[in-house]
There are 2 protein chains.
Amino acid sequence: MLDEKILAILRNNTDTHVSGEELCKLSDISRAAIWKHIEKFREEGYEIEASPHLGYRLISIPDRLIPGEIKWGLGTKILGKTVISYKKVDSTNNVAYELAEKGLAEGAIIIAEEQEKGKGRHGRLWQSPPKGGIYMSCILRPKMVPNEISKITLLAAVAVAKAIRAATGLNAMIKWPNDILVNDDKVCGILTEMKAEQDEIAFVVIGIGVNVNTPSRGLPKGASSLREELPRDNKVEISRVELTKKILQMLEEEYMRLKREGFVHIIDEWKQMSSMIGSRVKVVTQNRTFEGLAHDIDPDGAFVVRLEEGILERVSSGDIIMVR
Amino acid sequence: MLDEKILAILRNNTDTHVSGEELCKLSDISRAAIWKHIEKFREEGYEIEASPHLGYRLISIPDRLIPGEIKWGLGTKILGKTVISYKKVDSTNNVAYELAEKGLAEGAIIIAEEQEKGKGRHGRLWQSPPKGGIYMSCILRPKMVPNEISKITLLAAVAVAKAIRAATGLNAMIKWPNDILVNDDKVCGILTEMKAEQDEIAFVVIGIGVNVNTPSRGLPKGASSLREELPRDNKVEISRVELTKKILQMLEEEYMRLKREGFVHIIDEWKQMSSMIGSRVKVVTQNRTFEGLAHDIDPDGAFVVRLEEGILERVSSGDIIMVR
């Protein structure tokens with residue numbers, strides 16, 4: 001808390017120096033203690049100028065996924081109220097699921113710089129190399145029946161796609177049910193898991209993995225990172241902290257809107273950002289494989305495919321692949 | 001394993017004595033070791049006659065919910081293949097859920113003589129006094145989408161009602177979605193919980209609590225036990241072991257049938273045993289309360305109520321109370 005207080009003072013005065021004396025007064029500790037905090041910040045990657053006569057000035061902030069950075073200016077009411085961060089973890093979804101079982105509140109997020117066993121859908125692996133990615137899981141406790149989990153999944157896809165568009169200008173598209181593509185390459189995957197009784201969701205964990213600045217050599221075929229997809233003349237590092245905040249803000253906005261206005265507008269937004277509607281697709285479910293025209297999303301969030309004979313087929317489980 | 005082997009020999013020879021020598025030969029241990037096993041069985045409640053010249057004879061078996069008894073002559077392929085028993089546990093569903101997360105196989109059951117925090121639906125308490133009850137949880141791993149969990153719940157209700165009918169002759173009826181009533185009193189509750197991804201169930205835990213020989217003073221209002229509901233001139237102790245086995249057998253039968261033939265026959269059986277269809281009911285959901293006529297169960301397992309104006313209302317979550 002003291003850390004956050006001192007940092008806040010420095011953040012609010014980046015155009016000038018704050019004297020050691022002033023910092024002592026504002027945070028109510030000794031000059032020696034202030035110095036220790038400054039040293040710690042520097043170790044964490046904060047660049048802080050120290051001038052013997054003028055005092056301290058914050059020069060730059062590290063792009064690290066730590067609570068202090070993520071919560072700074074976040075402005076949400078639920079999402080990110082609690083932030084738990086790790087350097088390395090087996091899977092943020094596993095940690096979030098365990099903590100949710102122990103009662104961790106709605107809106108808490110678990111975030112890591114690296115995952116050793118990042119999880120994809122259906123037991124698949126999600127490559128989660130250190131440096132460059134955002135691997136985070138959010139706990140929600142919607143008062144819904146289990147079937148409505150697809151609403152949460154689609155909502156998350158909409159929120160993340162909007163956040164990527166806002167933060168990078170890239171034309172993020174959604175691939176049913178929960179991948180985010182840029183230029184047809186996968187840059188983000190979303191995995192929703194829940195604990196539920198027959199007629200009531202206990203909690204949902206939304207796992208979001210985004211390849212932000214990840215070099216493409218660290219990624220599997222068909223995957224890319226946001227930085228790789230930036231125009232050739234503008235390949236800047238993207239701030240992961242800012243994108244994380246944007247995602248949390250968008251998630252909260254869509255979640256509140258779902259509660260207030262229902263699911264219809266989410267379906268509409270989802271459709272507008274869909275990479276598939278109108279395209280020829282191959283559907284692979286557990287029992288069969290067939291082709292058709294990606295036709296629509298129905299009000300329950302199922303994918304509707306139009307077969308050759310004109311029959312409409314609902315798909316609520318499985319994979320959908322574009323046919324070119 | 002040796003325990004089970006020795007017990008099996010005794011079980012198969014209850015009309016005669018088995019000499020110590022013979023037991024030694026068949027189980028390949030010393031006479032002193034045999035004696036230790038016999039002593040242990042006696043402590044567990046097995047009545048074993050020991051005659052110096054004739055040998056050992058099994059007189060009676062305790063009605064204890066232990067793996068050896070439950071698995072003896074069970075004859076199932078999946079349900080009860082693994083049995084883990086406890087004298088006392090917080091909640092068999094909690095234990096089963098944790099073990100399922102760690103990979104415990106389909107069909108495993110967790111069973112206890114007593115629960116300290118037996119769980120009912122929606123965080124309610126399920127009274128689980130020692131002696132007299134069956135408190136067990138079964139792990140299933142059906143390849144289904146989350147919405148299909150109601151199929152599993154209704155299936156479990158059908159299986160348990162049939163098992164109670166077969167084991168006791170009592171006219172067990174089902175109250176939507178998953179209570180079992182005898183003479184309008186609740187004798188059994190079923191709580192299904194699951195872990196699922198958006199389009200795939202990882203596992204389901206079916207918690208089954210049956211008041212078998214429980215004295216009614218140990219039970220809340222409106223609840224009863226099977227023994228209490230037996231005819232006045234025939235109030236015998238009901239074998240909990242036999243009823244447990246019957247429940248596992250019926251669960252397996254219905255589960256196999258669901259996989260083979262689909263859900264229709266389960267709905268049919270459910271309707272035949274329903275205590276409510278045709279009755280006036282009050283529906284209490286999270287958002288509202290209304291009355292109507294219990295009309296039907298729809299193919300998804302939702303309860304259908306006919307309102308005064310003739311409108312049919314689907315109820316997939318909440319409580320339904322008979323109005324007299």
# chains A, B, ... in the order shown; residues from 1 in each chain; ligands from 1
call {"tool": "closest_atom_pairs", "arguments": {"of": "chain A", "to": "chain B", "cutoff": "7 Å", "atoms": "only C-alpha atoms", "output": "tab-separated table"}}
result
residue	atom	partner	partner_atom	distance
A:Pro146	CA	B:Asn147	CA	6.2
A:Asn147	CA	B:Asn147	CA	4.8
A:Ile149	CA	B:Gln198	CA	6.0
A:Ser150	CA	B:Gln198	CA	5.9
A:Thr192	CA	B:Glu197	CA	5.7
A:Glu193	CA	B:Glu197	CA	4.3
A:Met194	CA	B:Ala196	CA	5.4
A:Lys195	CA	B:Lys195	CA	4.7
A:Ala196	CA	B:Met194	CA	5.4
A:Glu197	CA	B:Glu193	CA	4.3
A:Gln198	CA	B:Thr192	CA	5.8
A:Asp199	CA	B:Ser317	CA	4.9
A:Ser316	CA	B:Asp199	CA	6.6
A:Ser317	CA	B:Asp199	CA	4.9
call {"tool": "residues_around", "arguments": {"residues": "stretch 69-71 of chain A", "least_positions_apart": "4", "cutoff": "8 Å", "atoms": "only C-alpha atoms", "output": "JSON, numbers by chain"}}
result
{"A": [64, 65, 75, 80, 81, 83, 241, 242, 244, 245]}
call {"tool": "residues_around", "arguments": {"residues": "B:Ile139", "least_positions_apart": "5", "cutoff": "7 Å", "atoms": "only C-alpha atoms", "output": "ChimeraX atom specification"}}
result
/B:96,100,106-109,203-206
call {"tool": "write_last_selection", "arguments": {"atoms": "N, CA and C atoms", "output": "mmCIF file, in the first residue's frame"}}
result
data_model
loop_
_atom_site.group_PDB
_atom_site.id
_atom_site.type_symbol
_atom_site.label_atom_id
_atom_site.label_comp_id
_atom_site.auth_asym_id
_atom_site.auth_seq_id
_atom_site.Cartn_x
_atom_site.Cartn_y
_atom_site.Cartn_z
ATOM 1 N N ALA B 96 -15.493 -35.732 -3.886
ATOM 2 C CA ALA B 96 -15.564 -36.294 -5.238
ATOM 3 C C ALA B 96 -15.133 -35.261 -6.278
ATOM 4 N N ALA B 100 -12.120 -35.709 -8.741
ATOM 5 C CA ALA B 100 -12.406 -35.698 -10.188
ATOM 6 C C ALA B 100 -11.481 -34.707 -10.887
ATOM 7 N N GLU B 106 -14.177 -42.122 -14.293
ATOM 8 C CA GLU B 106 -15.632 -42.252 -14.342
ATOM 9 C C GLU B 106 -16.070 -43.490 -13.568
ATOM 10 N N GLY B 107 -17.133 -43.350 -12.816
ATOM 11 C CA GLY B 107 -17.704 -44.490 -12.101
ATOM 12 C C GLY B 107 -17.250 -44.587 -10.662
ATOM 13 N N ALA B 108 -16.207 -43.843 -10.302
ATOM 14 C CA ALA B 108 -15.736 -43.878 -8.915
ATOM 15 C C ALA B 108 -16.803 -43.299 -7.999
ATOM 16 N N ILE B 109 -16.939 -43.876 -6.808
ATOM 17 C CA ILE B 109 -17.866 -43.295 -5.851
ATOM 18 C C ILE B 109 -17.177 -43.011 -4.517
ATOM 19 N N PHE B 203 -16.558 -33.180 -16.125
ATOM 20 C CA PHE B 203 -17.089 -34.257 -15.297
ATOM 21 C C PHE B 203 -18.337 -33.783 -14.566
ATOM 22 N N VAL B 204 -19.117 -34.760 -14.125
ATOM 23 C CA VAL B 204 -20.296 -34.476 -13.314
ATOM 24 C C VAL B 204 -20.147 -35.247 -12.015
ATOM 25 N N VAL B 205 -20.494 -34.614 -10.905
ATOM 26 C CA VAL B 205 -20.567 -35.316 -9.627
ATOM 27 C C VAL B 205 -22.045 -35.395 -9.236
ATOM 28 N N ILE B 206 -22.532 -36.614 -9.082
ATOM 29 C CA ILE B 206 -23.922 -36.793 -8.653
ATOM 30 C C ILE B 206 -23.910 -37.125 -7.172
#
call {"tool": "residues_around", "arguments": {"residues": "A:Phe263", "least_positions_apart": "2", "cutoff": "9 Å", "atoms": "only C-alpha atoms", "output": "MDAnalysis selection string"}}
result
chainID A and resid 151 155 257:259 261 265:268 299:300
